[in-house]
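First up is the structure itself, then whatever we jot down about it.
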Amino acid sequence: MAEQRLLFVCLGNICRSPAAEGVFLHLIAREGLEDRFVVDSAGTGGWHVGNPADRRMRAAAERRGIHLPSRARQIELADFSAFDRILTMDDDNLRNVRSLARELGDRPGLARIEPMTSHCRQHRASEVPDPYYGGEQGFEHVLDLLEDACGGLLESLLREER
Ligand code: 4NP
């Protein structure tokens with residue numbers, strides 16, 4: 001398989017997309033596939049640029065043995081050519097990312113944009129809900145959805161290669 005470059009995107013890049021990045025990194029490390037992927041995350045907003053993932057998100061991930069290494073950054077136009085796929089967490093993220101992509105016009109070779117939940121196998125959900133203003137359960141739910149979706153995504157990428 002050619003190297004796959006994946007960018008996970010949410011609003012602040014401190015809760016959902018760093019968690020998606022960490023869960024995916026955890027999965028490929030377990031399978032010994034690290035050298036086949038470039039994995040990163042970004043936010044559509046820039047308020048938290050430079051910050052580590054939210055403490056509550058990191059704690060919930062650590063309880064599952066998952067480390068979240070990311071520092072927040074904002075998505076930029078160069079990302080659309082630097083990555084093969086951009087995976088968005090909710091409908092707002094999807095709309096904002098698509099609107100940015102429109103600035104680049106109809107060029108070949110730009111990232112495919114898709115909702116992260118389209119890769120879920122166990123859960124029926126159309127969005128990974130923003131946990132920022134809620135309680136601990138919201139962070140657990142984010143991880144449940146992301147473990148499901150990351151597994152489905154990895155499986156479909158490996159299947160495509162055959
Ligand atoms: P995220 O969560 O998009 O999953 O990183 C949020 C983090 C911060 C804010 C909103 C959502 N905020 O408004 O600061």
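We name chains A, B, ... following the order of the structure tokens; residues begin at 1 in each chain, and ligands are numbered from 1 as shown.
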May I have the residues within 6 Å of ligand 1, computed using only C-alpha atoms and all ligand atoms, as a list in words?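 For ligand 1, the residues inside 6 Å are Cys10, Leu11, Gly12, Asn13, Ile14, Cys15, Arg16, Asp130 and Tyr132 of chain A.
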Selected residues written out, all heavy atoms, as a PDB file, in the first residue's frame:
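Dumped everything to out09.pdb:
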ATOM      1  N   CYS A  10     -11.634  18.589  13.791  1.00  0.00           N
ATOM      2  CA  CYS A  10     -12.809  18.995  14.576  1.00  0.00           C
ATOM      3  C   CYS A  10     -12.782  20.514  14.695  1.00  0.00           C
ATOM      4  O   CYS A  10     -12.126  21.193  13.892  1.00  0.00           O
ATOM      5  CB  CYS A  10     -12.832  18.301  15.941  1.00  0.00           C
ATOM      6  SG  CYS A  10     -11.427  18.694  17.004  1.00  0.00           S
ATOM      7  N   LEU A  11     -13.451  21.058  15.706  1.00  0.00           N
ATOM      8  CA  LEU A  11     -13.523  22.521  15.838  1.00  0.00           C
ATOM      9  C   LEU A  11     -12.261  23.083  16.518  1.00  0.00           C
ATOM     10  O   LEU A  11     -11.549  23.917  15.954  1.00  0.00           O
ATOM     11  CB  LEU A  11     -14.785  22.878  16.625  1.00  0.00           C
ATOM     12  CG  LEU A  11     -15.002  24.342  17.001  1.00  0.00           C
ATOM     13  CD1 LEU A  11     -15.056  25.221  15.750  1.00  0.00           C
ATOM     14  CD2 LEU A  11     -16.281  24.511  17.814  1.00  0.00           C
ATOM     15  N   GLY A  12     -11.985  22.622  17.736  1.00  0.00           N
ATOM     16  CA  GLY A  12     -10.903  23.229  18.521  1.00  0.00           C
ATOM     17  C   GLY A  12      -9.562  22.522  18.414  1.00  0.00           C
ATOM     18  O   GLY A  12      -8.543  23.052  18.830  1.00  0.00           O
ATOM     19  N   ASN A  13      -9.568  21.277  17.908  1.00  0.00           N
ATOM     20  CA  ASN A  13      -8.374  20.409  17.862  1.00  0.00           C
ATOM     21  C   ASN A  13      -7.785  20.168  19.252  1.00  0.00           C
ATOM     22  O   ASN A  13      -6.566  20.020  19.416  1.00  0.00           O
ATOM     23  CB  ASN A  13      -7.305  20.960  16.898  1.00  0.00           C
ATOM     24  CG  ASN A  13      -6.190  19.960  16.557  1.00  0.00           C
ATOM     25  OD1 ASN A  13      -5.052  20.336  16.329  1.00  0.00           O
ATOM     26  ND2 ASN A  13      -6.494  18.689  16.535  1.00  0.00           N
ATOM     27  N   ILE A  14      -8.676  20.133  20.268  1.00  0.00           N
ATOM     28  CA  ILE A  14      -8.184  19.743  21.598  1.00  0.00           C
ATOM     29  C   ILE A  14      -8.969  18.565  22.191  1.00  0.00           C
ATOM     30  O   ILE A  14      -8.551  18.019  23.213  1.00  0.00           O
ATOM     31  CB  ILE A  14      -8.175  20.916  22.606  1.00  0.00           C
ATOM     32  CG1 ILE A  14      -9.539  21.581  22.681  1.00  0.00           C
ATOM     33  CG2 ILE A  14      -7.077  21.922  22.263  1.00  0.00           C
ATOM     34  CD1 ILE A  14      -9.662  22.553  23.855  1.00  0.00           C
ATOM     35  N   CYS A  15     -10.086  18.190  21.588  1.00  0.00           N
ATOM     36  CA  CYS A  15     -10.838  17.041  22.119  1.00  0.00           C
ATOM     37  C   CYS A  15     -10.953  15.913  21.089  1.00  0.00           C
ATOM     38  O   CYS A  15     -10.241  14.909  21.161  1.00  0.00           O
ATOM     39  CB  CYS A  15     -12.238  17.456  22.587  1.00  0.00           C
ATOM     40  SG  CYS A  15     -12.216  18.611  23.968  1.00  0.00           S
ATOM     41  N   ARG A  16     -11.859  16.062  20.125  1.00  0.00           N
ATOM     42  CA  ARG A  16     -12.205  14.926  19.251  1.00  0.00           C
ATOM     43  C   ARG A  16     -11.124  14.544  18.262  1.00  0.00           C
ATOM     44  O   ARG A  16     -10.787  13.369  18.116  1.00  0.00           O
ATOM     45  CB  ARG A  16     -13.516  15.224  18.510  1.00  0.00           C
ATOM     46  CG  ARG A  16     -14.716  15.305  19.448  1.00  0.00           C
ATOM     47  CD  ARG A  16     -15.892  15.960  18.781  1.00  0.00           C
ATOM     48  NE  ARG A  16     -15.642  17.382  18.526  1.00  0.00           N
ATOM     49  CZ  ARG A  16     -16.430  18.184  17.830  1.00  0.00           C
ATOM     50  NH1 ARG A  16     -17.535  17.688  17.296  1.00  0.00           N
ATOM     51  NH2 ARG A  16     -16.125  19.456  17.665  1.00  0.00           N
ATOM     52  N   ASP A 130     -19.551  17.092  20.109  1.00  0.00           N
ATOM     53  CA  ASP A 130     -18.592  17.922  20.840  1.00  0.00           C
ATOM     54  C   ASP A 130     -18.744  17.681  22.344  1.00  0.00           C
ATOM     55  O   ASP A 130     -19.806  17.947  22.904  1.00  0.00           O
ATOM     56  CB  ASP A 130     -18.908  19.387  20.499  1.00  0.00           C
ATOM     57  CG  ASP A 130     -17.910  20.349  21.106  1.00  0.00           C
ATOM     58  OD1 ASP A 130     -17.123  19.926  21.966  1.00  0.00           O
ATOM     59  OD2 ASP A 130     -17.938  21.524  20.711  1.00  0.00           O
ATOM     60  N   TYR A 132     -17.023  19.183  24.806  1.00  0.00           N
ATOM     61  CA  TYR A 132     -16.303  20.222  25.541  1.00  0.00           C
ATOM     62  C   TYR A 132     -17.081  20.759  26.736  1.00  0.00           C
ATOM     63  O   TYR A 132     -16.515  20.966  27.805  1.00  0.00           O
ATOM     64  CB  TYR A 132     -15.941  21.360  24.586  1.00  0.00           C
ATOM     65  CG  TYR A 132     -14.937  22.340  25.150  1.00  0.00           C
ATOM     66  CD1 TYR A 132     -13.623  21.969  25.411  1.00  0.00           C
ATOM     67  CD2 TYR A 132     -15.307  23.653  25.416  1.00  0.00           C
ATOM     68  CE1 TYR A 132     -12.701  22.872  25.911  1.00  0.00           C
ATOM     69  CE2 TYR A 132     -14.382  24.571  25.911  1.00  0.00           C
ATOM     70  CZ  TYR A 132     -13.091  24.173  26.159  1.00  0.00           C
ATOM     71  OH  TYR A 132     -12.182  25.077  26.653  1.00  0.00           O
TER      72      TYR A 132
END
Excluding Ala72 of chain A and any residue of its chain fewer than 4 positions from it, enumerate the residues within 10 Å of it, using only C-alpha atoms, and give them as a compact mmCIF listing (two decimals) with all heavy atoms, in the first residue's frame.
# COMPACT_ATOMS: atom_id res chain seq x y z
N GLY A 12 -11.99 22.62 17.74
CA GLY A 12 -10.90 23.23 18.52
C GLY A 12 -9.56 22.52 18.41
O GLY A 12 -8.54 23.05 18.83
N ASN A 13 -9.57 21.28 17.91
CA ASN A 13 -8.37 20.41 17.86
C ASN A 13 -7.78 20.17 19.25
O ASN A 13 -6.57 20.02 19.42
CB ASN A 13 -7.31 20.96 16.90
CG ASN A 13 -6.19 19.96 16.56
OD1 ASN A 13 -5.05 20.34 16.33
ND2 ASN A 13 -6.49 18.69 16.53
N ILE A 14 -8.68 20.13 20.27
CA ILE A 14 -8.18 19.74 21.60
C ILE A 14 -8.97 18.56 22.19
O ILE A 14 -8.55 18.02 23.21
CB ILE A 14 -8.18 20.92 22.61
CG1 ILE A 14 -9.54 21.58 22.68
CG2 ILE A 14 -7.08 21.92 22.26
CD1 ILE A 14 -9.66 22.55 23.85
N CYS A 15 -10.09 18.19 21.59
CA CYS A 15 -10.84 17.04 22.12
C CYS A 15 -10.95 15.91 21.09
O CYS A 15 -10.24 14.91 21.16
CB CYS A 15 -12.24 17.46 22.59
SG CYS A 15 -12.22 18.61 23.97
N SER A 17 -10.58 15.53 17.52
CA SER A 17 -9.62 15.13 16.48
C SER A 17 -8.27 14.67 17.05
O SER A 17 -7.68 13.73 16.51
CB SER A 17 -9.46 16.20 15.39
OG SER A 17 -8.99 17.42 15.90
N PRO A 18 -7.77 15.25 18.17
CA PRO A 18 -6.57 14.65 18.75
C PRO A 18 -6.84 13.24 19.27
O PRO A 18 -5.96 12.38 19.23
CB PRO A 18 -6.20 15.58 19.92
CG PRO A 18 -7.14 16.72 19.86
CD PRO A 18 -8.18 16.48 18.85
N SER A 41 -3.83 15.89 13.06
CA SER A 41 -5.16 16.44 13.30
C SER A 41 -5.07 17.96 13.30
O SER A 41 -3.99 18.52 13.46
CB SER A 41 -5.73 15.92 14.63
OG SER A 41 -4.96 16.37 15.72
N ALA A 42 -6.23 18.60 13.12
CA ALA A 42 -6.29 20.06 13.05
C ALA A 42 -7.70 20.50 13.42
O ALA A 42 -8.65 19.70 13.43
CB ALA A 42 -5.93 20.55 11.64
N GLY A 43 -7.83 21.79 13.73
CA GLY A 43 -9.14 22.37 14.04
C GLY A 43 -9.56 23.35 12.96
O GLY A 43 -8.70 23.96 12.31
N GLY A 45 -11.14 25.95 13.89
CA GLY A 45 -10.92 27.20 14.64
C GLY A 45 -9.49 27.26 15.17
O GLY A 45 -8.82 26.24 15.28
N GLY A 46 -9.07 28.47 15.53
CA GLY A 46 -7.67 28.64 15.94
C GLY A 46 -7.47 29.04 17.39
O GLY A 46 -6.35 29.38 17.79
N TRP A 47 -8.53 28.95 18.23
CA TRP A 47 -8.43 29.47 19.62
C TRP A 47 -7.42 28.75 20.47
O TRP A 47 -6.90 29.29 21.43
CB TRP A 47 -9.78 29.38 20.33
CG TRP A 47 -10.92 29.89 19.55
CD1 TRP A 47 -11.25 31.20 19.36
CD2 TRP A 47 -11.87 29.10 18.81
NE1 TRP A 47 -12.35 31.26 18.55
CE2 TRP A 47 -12.75 30.01 18.20
CE3 TRP A 47 -12.05 27.73 18.62
CZ2 TRP A 47 -13.81 29.59 17.40
CZ3 TRP A 47 -13.09 27.31 17.83
CH2 TRP A 47 -13.96 28.24 17.23
N HIS A 48 -7.17 27.48 20.19
CA HIS A 48 -6.35 26.67 21.10
C HIS A 48 -5.00 26.31 20.50
O HIS A 48 -4.32 25.40 21.00
CB HIS A 48 -7.11 25.39 21.46
CG HIS A 48 -8.42 25.66 22.14
ND1 HIS A 48 -8.49 26.03 23.47
CD2 HIS A 48 -9.68 25.67 21.67
CE1 HIS A 48 -9.77 26.23 23.78
NE2 HIS A 48 -10.51 26.03 22.71
N VAL A 49 -4.60 27.02 19.44
CA VAL A 49 -3.35 26.68 18.74
C VAL A 49 -2.18 26.56 19.72
O VAL A 49 -1.98 27.42 20.58
CB VAL A 49 -3.05 27.72 17.63
CG1 VAL A 49 -1.63 27.56 17.10
CG2 VAL A 49 -4.06 27.58 16.50
N GLY A 50 -1.42 25.48 19.61
CA GLY A 50 -0.25 25.25 20.45
C GLY A 50 -0.55 24.47 21.72
O GLY A 50 0.37 24.00 22.39
N ASN A 51 -1.84 24.30 22.05
CA ASN A 51 -2.20 23.62 23.30
C ASN A 51 -2.23 22.10 23.13
O ASN A 51 -2.57 21.60 22.07
CB ASN A 51 -3.58 24.07 23.78
CG ASN A 51 -3.59 25.52 24.21
OD1 ASN A 51 -2.54 26.14 24.37
ND2 ASN A 51 -4.78 26.09 24.38
N PRO A 52 -1.90 21.40 24.23
CA PRO A 52 -2.10 19.94 24.21
C PRO A 52 -3.59 19.63 24.23
O PRO A 52 -4.41 20.52 24.46
CB PRO A 52 -1.43 19.47 25.51
CG PRO A 52 -1.46 20.66 26.41
CD PRO A 52 -1.41 21.88 25.52
N ALA A 53 -3.94 18.38 24.02
CA ALA A 53 -5.35 17.97 24.09
C ALA A 53 -5.90 18.29 25.48
O ALA A 53 -5.16 18.29 26.48
CB ALA A 53 -5.47 16.49 23.77
N ASP A 54 -7.20 18.55 25.52
CA ASP A 54 -7.92 18.82 26.77
C ASP A 54 -7.62 17.74 27.82
O ASP A 54 -7.59 16.55 27.51
CB ASP A 54 -9.43 18.84 26.43
CG ASP A 54 -10.29 19.19 27.60
OD1 ASP A 54 -10.52 18.30 28.46
OD2 ASP A 54 -10.76 20.33 27.66
Can you tell me, as an MDAnalysis selection string, what residues are no more than 8 Å from Arg56 of chain A when counting only C-alpha atoms, ignoring any on the same chain fewer than 3 positions away? chainID A and resid 59:60 136 139
Keeping only N, CA, C and O atoms, write those residues as a PDB file, in the first residue's frame.
ATOM      1  N   ALA A  59      -7.222  12.215  29.868  1.00  0.00           N
ATOM      2  CA  ALA A  59      -7.432  11.272  30.982  1.00  0.00           C
ATOM      3  C   ALA A  59      -8.292  10.095  30.526  1.00  0.00           C
ATOM      4  O   ALA A  59      -7.988   8.935  30.830  1.00  0.00           O
ATOM      5  N   ALA A  60      -9.359  10.396  29.768  1.00  0.00           N
ATOM      6  CA  ALA A  60     -10.241   9.325  29.295  1.00  0.00           C
ATOM      7  C   ALA A  60      -9.475   8.381  28.356  1.00  0.00           C
ATOM      8  O   ALA A  60      -9.628   7.157  28.420  1.00  0.00           O
ATOM      9  N   GLU A 136     -18.135  13.873  31.944  1.00  0.00           N
ATOM     10  CA  GLU A 136     -17.159  12.837  31.609  1.00  0.00           C
ATOM     11  C   GLU A 136     -17.691  11.820  30.608  1.00  0.00           C
ATOM     12  O   GLU A 136     -16.955  11.326  29.752  1.00  0.00           O
ATOM     13  N   PHE A 139     -16.909  12.312  26.962  1.00  0.00           N
ATOM     14  CA  PHE A 139     -15.565  11.960  26.493  1.00  0.00           C
ATOM     15  C   PHE A 139     -15.462  10.459  26.237  1.00  0.00           C
ATOM     16  O   PHE A 139     -14.812  10.018  25.289  1.00  0.00           O
TER      17      PHE A 139
END
Atom CA of Glu34 of chain A and atom CA of Arg112 of chain A are how many Å apart? 21.2 Å
Got a sec to tell me which of segment 67-128 of chain A DSSP assigns to helix (DSSP H, G or I), as a PyMOL selection string? chain A and resi 79-82+91-102+116-119
Using only C-alpha atoms, can you tell me which of A:Asp40, A:Arg5, A:Asp35, A:Val142 comes closest to Gln74 of chain A?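 Of A:Asp40, A:Arg5, A:Asp35, A:Val142, the one nearest Gln74 of chain A is A:Asp40, counting only C-alpha atoms.
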Identify which of the residues A:Glu147, A:Asp79, A:Ile86, A:Gly134 lies closest to Arg121 of chain A, counting only C-alpha atoms when measuring atom-to-atom distances.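 Checking each candidate against Arg121 of chain A, we get A:Glu147 as the closest.
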For Ala82 of chain A, list every protein, DNA or RNA residue within 9 Å, evaluated using only C-alpha atoms, and leave out those in the same chain fewer than 2 positions away; present the list as an MDAnalysis selection string. chainID A and resid 5 78:80 84 110:111
Selection file, N, CA and C atoms, as a PDB file, in the first residue's frame:
ATOM      1  N   ARG A   5      -2.026   9.274   3.925  1.00  0.00           N
ATOM      2  CA  ARG A   5      -1.889  10.461   4.780  1.00  0.00           C
ATOM      3  C   ARG A   5      -3.289  10.896   5.239  1.00  0.00           C
ATOM      4  N   ALA A  78      -2.930  24.289   2.527  1.00  0.00           N
ATOM      5  CA  ALA A  78      -1.897  23.316   2.123  1.00  0.00           C
ATOM      6  C   ALA A  78      -2.257  21.891   2.552  1.00  0.00           C
ATOM      7  N   ASP A  79      -3.095  21.765   3.600  1.00  0.00           N
ATOM      8  CA  ASP A  79      -3.468  20.427   4.071  1.00  0.00           C
ATOM      9  C   ASP A  79      -4.229  19.636   3.012  1.00  0.00           C
ATOM     10  N   PHE A  80      -4.921  20.337   2.131  1.00  0.00           N
ATOM     11  CA  PHE A  80      -5.733  19.635   1.142  1.00  0.00           C
ATOM     12  C   PHE A  80      -4.875  18.909   0.109  1.00  0.00           C
ATOM     13  N   ASP A  84      -4.258  12.700   1.986  1.00  0.00           N
ATOM     14  CA  ASP A  84      -5.122  11.963   1.057  1.00  0.00           C
ATOM     15  C   ASP A  84      -6.581  12.012   1.499  1.00  0.00           C
ATOM     16  N   LEU A 110      -6.518  16.535  -4.692  1.00  0.00           N
ATOM     17  CA  LEU A 110      -6.852  17.082  -3.373  1.00  0.00           C
ATOM     18  C   LEU A 110      -7.465  15.988  -2.492  1.00  0.00           C
ATOM     19  N   ALA A 111      -7.327  16.204  -1.184  1.00  0.00           N
ATOM     20  CA  ALA A 111      -7.815  15.215  -0.214  1.00  0.00           C
ATOM     21  C   ALA A 111      -9.296  14.923  -0.397  1.00  0.00           C
TER      22      ALA A 111
END
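All residues within segment 81-149 of chain A that the backbone DSSP calculation assigns to strand (DSSP E or B) are Arg85, Ile86, Leu87, Thr88, Arg112, Ile113, Glu114 and Pro115 of chain A.
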Selected residues written out with all heavy atoms, as a PDB file, in the first residue's frame:
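To be explicit, this is the file written out as result_1.pdb:
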ATOM      1  N   ARG A  85      -6.782  11.997   2.814  1.00  0.00           N
ATOM      2  CA  ARG A  85      -8.152  12.008   3.347  1.00  0.00           C
ATOM      3  C   ARG A  85      -8.240  12.950   4.519  1.00  0.00           C
ATOM      4  O   ARG A  85      -7.329  12.967   5.374  1.00  0.00           O
ATOM      5  CB  ARG A  85      -8.554  10.638   3.885  1.00  0.00           C
ATOM      6  CG  ARG A  85      -8.915   9.662   2.819  1.00  0.00           C
ATOM      7  CD  ARG A  85      -9.341   8.388   3.490  1.00  0.00           C
ATOM      8  NE  ARG A  85      -9.317   7.333   2.523  1.00  0.00           N
ATOM      9  CZ  ARG A  85     -10.376   6.600   2.193  1.00  0.00           C
ATOM     10  NH1 ARG A  85     -11.528   6.773   2.808  1.00  0.00           N
ATOM     11  NH2 ARG A  85     -10.274   5.671   1.298  1.00  0.00           N
ATOM     12  N   ILE A  86      -9.343  13.685   4.573  1.00  0.00           N
ATOM     13  CA  ILE A  86      -9.658  14.530   5.721  1.00  0.00           C
ATOM     14  C   ILE A  86     -10.945  13.983   6.325  1.00  0.00           C
ATOM     15  O   ILE A  86     -11.962  13.864   5.625  1.00  0.00           O
ATOM     16  CB  ILE A  86      -9.800  16.003   5.299  1.00  0.00           C
ATOM     17  CG1 ILE A  86      -8.448  16.519   4.784  1.00  0.00           C
ATOM     18  CG2 ILE A  86     -10.305  16.849   6.472  1.00  0.00           C
ATOM     19  CD1 ILE A  86      -8.467  17.949   4.279  1.00  0.00           C
ATOM     20  N   LEU A  87     -10.876  13.623   7.615  1.00  0.00           N
ATOM     21  CA  LEU A  87     -12.011  12.988   8.285  1.00  0.00           C
ATOM     22  C   LEU A  87     -12.564  13.955   9.317  1.00  0.00           C
ATOM     23  O   LEU A  87     -11.859  14.322  10.269  1.00  0.00           O
ATOM     24  CB  LEU A  87     -11.538  11.683   8.917  1.00  0.00           C
ATOM     25  CG  LEU A  87     -11.049  10.742   7.803  1.00  0.00           C
ATOM     26  CD1 LEU A  87      -9.679  10.211   8.086  1.00  0.00           C
ATOM     27  CD2 LEU A  87     -12.069   9.659   7.542  1.00  0.00           C
ATOM     28  N   THR A  88     -13.819  14.366   9.120  1.00  0.00           N
ATOM     29  CA  THR A  88     -14.407  15.401   9.968  1.00  0.00           C
ATOM     30  C   THR A  88     -15.297  14.778  11.043  1.00  0.00           C
ATOM     31  O   THR A  88     -15.889  13.719  10.837  1.00  0.00           O
ATOM     32  CB  THR A  88     -15.238  16.371   9.117  1.00  0.00           C
ATOM     33  OG1 THR A  88     -16.179  15.614   8.349  1.00  0.00           O
ATOM     34  CG2 THR A  88     -14.350  17.169   8.182  1.00  0.00           C
ATOM     35  N   ARG A 112      -9.635  13.656  -0.157  1.00  0.00           N
ATOM     36  CA  ARG A 112     -11.033  13.260  -0.087  1.00  0.00           C
ATOM     37  C   ARG A 112     -11.539  13.642   1.312  1.00  0.00           C
ATOM     38  O   ARG A 112     -10.853  13.396   2.299  1.00  0.00           O
ATOM     39  CB  ARG A 112     -11.035  11.750  -0.287  1.00  0.00           C
ATOM     40  CG  ARG A 112     -12.312  11.059  -0.196  1.00  0.00           C
ATOM     41  CD  ARG A 112     -12.043   9.659  -0.764  1.00  0.00           C
ATOM     42  NE  ARG A 112     -13.029   8.731  -0.277  1.00  0.00           N
ATOM     43  CZ  ARG A 112     -13.073   7.448  -0.627  1.00  0.00           C
ATOM     44  NH1 ARG A 112     -12.147   6.966  -1.452  1.00  0.00           N
ATOM     45  NH2 ARG A 112     -14.004   6.665  -0.169  1.00  0.00           N
ATOM     46  N   ILE A 113     -12.732  14.239   1.353  1.00  0.00           N
ATOM     47  CA  ILE A 113     -13.281  14.725   2.628  1.00  0.00           C
ATOM     48  C   ILE A 113     -14.461  13.842   3.017  1.00  0.00           C
ATOM     49  O   ILE A 113     -15.391  13.673   2.210  1.00  0.00           O
ATOM     50  CB  ILE A 113     -13.755  16.187   2.481  1.00  0.00           C
ATOM     51  CG1 ILE A 113     -12.584  17.079   2.043  1.00  0.00           C
ATOM     52  CG2 ILE A 113     -14.369  16.697   3.779  1.00  0.00           C
ATOM     53  CD1 ILE A 113     -13.022  18.420   1.456  1.00  0.00           C
ATOM     54  N   GLU A 114     -14.444  13.283   4.217  1.00  0.00           N
ATOM     55  CA  GLU A 114     -15.568  12.431   4.609  1.00  0.00           C
ATOM     56  C   GLU A 114     -15.812  12.466   6.114  1.00  0.00           C
ATOM     57  O   GLU A 114     -14.876  12.696   6.898  1.00  0.00           O
ATOM     58  CB  GLU A 114     -15.358  10.990   4.118  1.00  0.00           C
ATOM     59  CG  GLU A 114     -14.050  10.389   4.514  1.00  0.00           C
ATOM     60  CD  GLU A 114     -13.728   9.117   3.728  1.00  0.00           C
ATOM     61  OE1 GLU A 114     -14.233   8.951   2.603  1.00  0.00           O
ATOM     62  OE2 GLU A 114     -12.992   8.286   4.280  1.00  0.00           O
ATOM     63  N   PRO A 115     -17.078  12.232   6.526  1.00  0.00           N
ATOM     64  CA  PRO A 115     -17.378  12.201   7.965  1.00  0.00           C
ATOM     65  C   PRO A 115     -16.732  10.972   8.606  1.00  0.00           C
ATOM     66  O   PRO A 115     -16.799   9.871   8.062  1.00  0.00           O
ATOM     67  CB  PRO A 115     -18.900  12.072   8.037  1.00  0.00           C
ATOM     68  CG  PRO A 115     -19.413  12.268   6.662  1.00  0.00           C
ATOM     69  CD  PRO A 115     -18.291  12.018   5.712  1.00  0.00           C
TER      70      PRO A 115
END
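Of the residues listed (A:Leu6, A:Val23, A:Leu143, A:Leu68), A:Leu6 shows the shortest atom-to-atom separation from Val39 of chain A; distances use only C-alpha atoms.
Between atom CA of Gly152 of chain A and atom CA of Ala125 of chain A the separation is 13.6 Å.
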Please compute the atom CA of Leu25 of chain A-atom CA of Leu94 of chain A distance, one decimal, in Å.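 Computing the Euclidean distance for atom CA of Leu25 of chain A and atom CA of Leu94 of chain A yields 22.3 Å.
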